[in-house]
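To start, the structure itself, in structure tokens.
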Amino acid sequence: MISAVLFLVTGLIIGAAAIVAILATVDVFYLSGSRAIADDGLRRGAAAPRWTLPDGNGYPVRSPSTLRPLQVIVFSDHTLRSFPSVAEGLRELSQHATHAEIIVLTRNPAPLAQPALESLGLGDLPVVAASPALYGKYNVRVMPFIICVDSVGRVRASSLVNHAWQVEKLWRLAETALVPAELAPGTRRLTRRVRAGV
């Protein structure tokens with residue numbers, strides 16, 4: 001009887017350890033902690049992915065931008081409604097940063113994104129349907145996230161945003177010129193980045 005109980009307890013312990021290992025492998029723990037903020041995105045000075053995709057009206061949108069010196073890529077969708085302060089920061093940015101092209105990049109086709117942006121006063125922003133693979137190239141998993149890219153395709157700023165002041169701070173960082181040390185090759189996760197705020 002005791003050996004059967006020991007066998008059962010040992011089996012439960014091994015099963016629990018296997019479940020913990022599986023969850024850790026698929027980044028469930030990684031997403032639930034502060035590392036989701038600290039390690040996501042691309043480091044300042046890194047080369048951003050280059051792409052051309054149609055917006056919701058069928059017009060081509062390119063990254064890096066050929067229209068403005070800086071491009072603000074907002075990784076979001078209709079869930080931006082849950083972040084009214086971020087929407088406020090984006091409205092301010094679209095009104096005052098005339099040398100910036102602001103686009104919304106969704107993870108998948110998101111038909112609700114355009115009506116949501118219109119309700120937030122952001123209906124003029126192009127909405128581009130991307131893919132999980134493109135989000136992966138930017139190392140973005142949580143939203144809303146902003147990455148600012150210059151006209152040569154270098155990341156100027158990158159951060160998760162929850163408030164208008166973070167959008168403003170991120171933009172100020174994006175306007176700051178890159179220094180040679182920031183252009184040095186390095187891994188995107190091991191290089192310390194300046195964040196828009198925690």
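We label chains A, B, ... in the order they appear in the structure tokens, count residues from 1 in each chain, and number ligands from 1 in the order shown.
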If you run DSSP on the backbone, which residues of range 60-190 of chain A are helix (DSSP H, G or I), as a ChimeraX atom specification?
-> /A:78-82,84-96,113-119,132-138,164-174,180-183
Any chance you could export the current selection's C-alpha atoms as an mmCIF file, in the first residue's frame?
```cif
data_model
loop_
_atom_site.group_PDB
_atom_site.id
_atom_site.type_symbol
_atom_site.label_atom_id
_atom_site.label_comp_id
_atom_site.auth_asym_id
_atom_site.auth_seq_id
_atom_site.Cartn_x
_atom_site.Cartn_y
_atom_site.Cartn_z
ATOM 1 C CA HIS A 78 -9.374 47.406 -32.368
ATOM 2 C CA THR A 79 -8.190 46.751 -28.793
ATOM 3 C CA LEU A 80 -6.629 50.233 -28.843
ATOM 4 C CA ARG A 81 -10.036 51.328 -27.526
ATOM 5 C CA SER A 82 -8.927 49.889 -24.187
ATOM 6 C CA PRO A 84 -7.657 55.838 -24.488
ATOM 7 C CA SER A 85 -4.535 57.572 -23.169
ATOM 8 C CA VAL A 86 -2.414 55.979 -25.931
ATOM 9 C CA ALA A 87 -4.993 57.134 -28.501
ATOM 10 C CA GLU A 88 -4.743 60.641 -27.038
ATOM 11 C CA GLY A 89 -0.951 60.544 -27.386
ATOM 12 C CA LEU A 90 -1.240 59.374 -31.000
ATOM 13 C CA ARG A 91 -3.723 62.165 -31.806
ATOM 14 C CA GLU A 92 -1.286 64.724 -30.386
ATOM 15 C CA LEU A 93 1.570 63.182 -32.348
ATOM 16 C CA SER A 94 -0.376 63.130 -35.624
ATOM 17 C CA GLN A 95 -1.243 66.829 -35.213
ATOM 18 C CA HIS A 96 2.199 68.129 -34.232
ATOM 19 C CA ALA A 113 -9.489 48.149 -36.465
ATOM 20 C CA GLN A 114 -10.515 50.970 -38.841
ATOM 21 C CA PRO A 115 -13.899 51.648 -37.160
ATOM 22 C CA ALA A 116 -12.163 51.571 -33.763
ATOM 23 C CA LEU A 117 -9.584 54.127 -34.932
ATOM 24 C CA GLU A 118 -12.331 56.354 -36.329
ATOM 25 C CA SER A 119 -14.131 56.292 -32.967
ATOM 26 C CA PRO A 132 2.362 36.859 -36.921
ATOM 27 C CA ALA A 133 5.620 36.241 -38.822
ATOM 28 C CA LEU A 134 6.157 39.976 -39.413
ATOM 29 C CA TYR A 135 5.325 40.718 -35.771
ATOM 30 C CA GLY A 136 7.943 38.084 -34.917
ATOM 31 C CA LYS A 137 10.571 39.892 -36.999
ATOM 32 C CA TYR A 138 9.906 42.983 -34.900
ATOM 33 C CA ALA A 164 0.052 59.368 -23.682
ATOM 34 C CA TRP A 165 3.196 60.518 -21.864
ATOM 35 C CA GLN A 166 4.965 57.334 -22.997
ATOM 36 C CA VAL A 167 4.072 58.064 -26.631
ATOM 37 C CA GLU A 168 5.505 61.573 -26.220
ATOM 38 C CA LYS A 169 8.686 60.342 -24.532
ATOM 39 C CA LEU A 170 9.167 57.671 -27.198
ATOM 40 C CA TRP A 171 8.795 60.293 -29.912
ATOM 41 C CA ARG A 172 11.380 62.566 -28.280
ATOM 42 C CA LEU A 173 13.801 59.627 -28.222
ATOM 43 C CA ALA A 174 13.028 58.855 -31.880
ATOM 44 C CA PRO A 180 28.013 55.250 -33.608
ATOM 45 C CA ALA A 181 27.877 53.014 -30.519
ATOM 46 C CA GLU A 182 24.166 52.368 -31.172
ATOM 47 C CA LEU A 183 24.920 51.206 -34.707
#
```
Neighbour list for Val149 in chain A as a PyMOL selection string, cut-off 6 Å, only C-alpha atoms, skip fewer than 3 positions in-chain | chain A and resi 70-71+153-156
Write a file of the just-selected residues containing C-alpha atoms, as a PDB file, in the first residue's frame.
```pdb
ATOM      1  CA  LEU A  70      10.453  59.069 -39.460  1.00  0.00           C
ATOM      2  CA  GLN A  71       7.825  56.341 -39.379  1.00  0.00           C
ATOM      3  CA  GLY A 153      15.502  51.611 -41.842  1.00  0.00           C
ATOM      4  CA  ARG A 154      17.096  51.995 -38.404  1.00  0.00           C
ATOM      5  CA  VAL A 155      15.090  51.718 -35.189  1.00  0.00           C
ATOM      6  CA  ARG A 156      15.042  55.029 -33.332  1.00  0.00           C
TER       7      ARG A 156
END
```
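The residue that comes closest to Ile147 in chain A, out of A:Tyr59, A:Ala110, A:Ile102, A:Ser159 and on the basis of only C-alpha atoms, is A:Ser159.
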Hey, what does DSSP flag as strand (DSSP E) within range 41-177 of chain A? Can you give it to me as a PDB file with C-alpha atoms, in the first residue's frame?
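The resulting file, part.pdb, is reproduced below:
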```pdb
ATOM      1  CA  TRP A  51       8.285  45.431 -46.303  1.00  0.00           C
ATOM      2  CA  THR A  52       5.565  46.739 -48.616  1.00  0.00           C
ATOM      3  CA  LEU A  53       1.933  45.885 -47.849  1.00  0.00           C
ATOM      4  CA  PRO A  54      -1.438  47.347 -48.877  1.00  0.00           C
ATOM      5  CA  PRO A  60       0.869  50.415 -50.752  1.00  0.00           C
ATOM      6  CA  VAL A  61       2.565  51.260 -47.464  1.00  0.00           C
ATOM      7  CA  ARG A  62       6.318  50.784 -47.142  1.00  0.00           C
ATOM      8  CA  SER A  63       8.687  50.493 -44.268  1.00  0.00           C
ATOM      9  CA  LEU A  70      10.453  59.069 -39.460  1.00  0.00           C
ATOM     10  CA  GLN A  71       7.825  56.341 -39.379  1.00  0.00           C
ATOM     11  CA  VAL A  72       5.853  55.492 -36.259  1.00  0.00           C
ATOM     12  CA  ILE A  73       4.602  51.910 -36.428  1.00  0.00           C
ATOM     13  CA  VAL A  74       1.797  51.260 -33.958  1.00  0.00           C
ATOM     14  CA  PHE A  75       1.367  47.547 -33.316  1.00  0.00           C
ATOM     15  CA  ALA A 100       6.286  61.572 -39.091  1.00  0.00           C
ATOM     16  CA  GLU A 101       4.274  58.948 -40.919  1.00  0.00           C
ATOM     17  CA  ILE A 102       2.079  57.068 -38.440  1.00  0.00           C
ATOM     18  CA  ILE A 103       0.675  53.678 -39.413  1.00  0.00           C
ATOM     19  CA  VAL A 104      -1.193  50.960 -37.528  1.00  0.00           C
ATOM     20  CA  LEU A 105       0.108  47.442 -38.143  1.00  0.00           C
ATOM     21  CA  THR A 106      -2.248  44.627 -37.116  1.00  0.00           C
ATOM     22  CA  VAL A 127      -4.259  50.315 -41.179  1.00  0.00           C
ATOM     23  CA  VAL A 128      -2.009  47.598 -42.584  1.00  0.00           C
ATOM     24  CA  ALA A 129      -2.763  43.905 -42.034  1.00  0.00           C
ATOM     25  CA  PHE A 145       3.586  48.610 -28.980  1.00  0.00           C
ATOM     26  CA  ILE A 146       5.346  51.361 -30.924  1.00  0.00           C
ATOM     27  CA  ILE A 147       8.526  51.166 -32.973  1.00  0.00           C
ATOM     28  CA  CYS A 148       9.880  54.297 -34.645  1.00  0.00           C
ATOM     29  CA  VAL A 149      11.990  53.776 -37.767  1.00  0.00           C
ATOM     30  CA  ASP A 150      14.030  56.347 -39.682  1.00  0.00           C
ATOM     31  CA  VAL A 155      15.090  51.718 -35.189  1.00  0.00           C
ATOM     32  CA  ARG A 156      15.042  55.029 -33.332  1.00  0.00           C
ATOM     33  CA  ALA A 157      12.777  53.984 -30.432  1.00  0.00           C
ATOM     34  CA  SER A 158      10.884  50.890 -29.325  1.00  0.00           C
ATOM     35  CA  SER A 159       8.541  50.275 -26.410  1.00  0.00           C
ATOM     36  CA  LEU A 160       5.261  48.980 -25.078  1.00  0.00           C
TER      37      LEU A 160
END
```
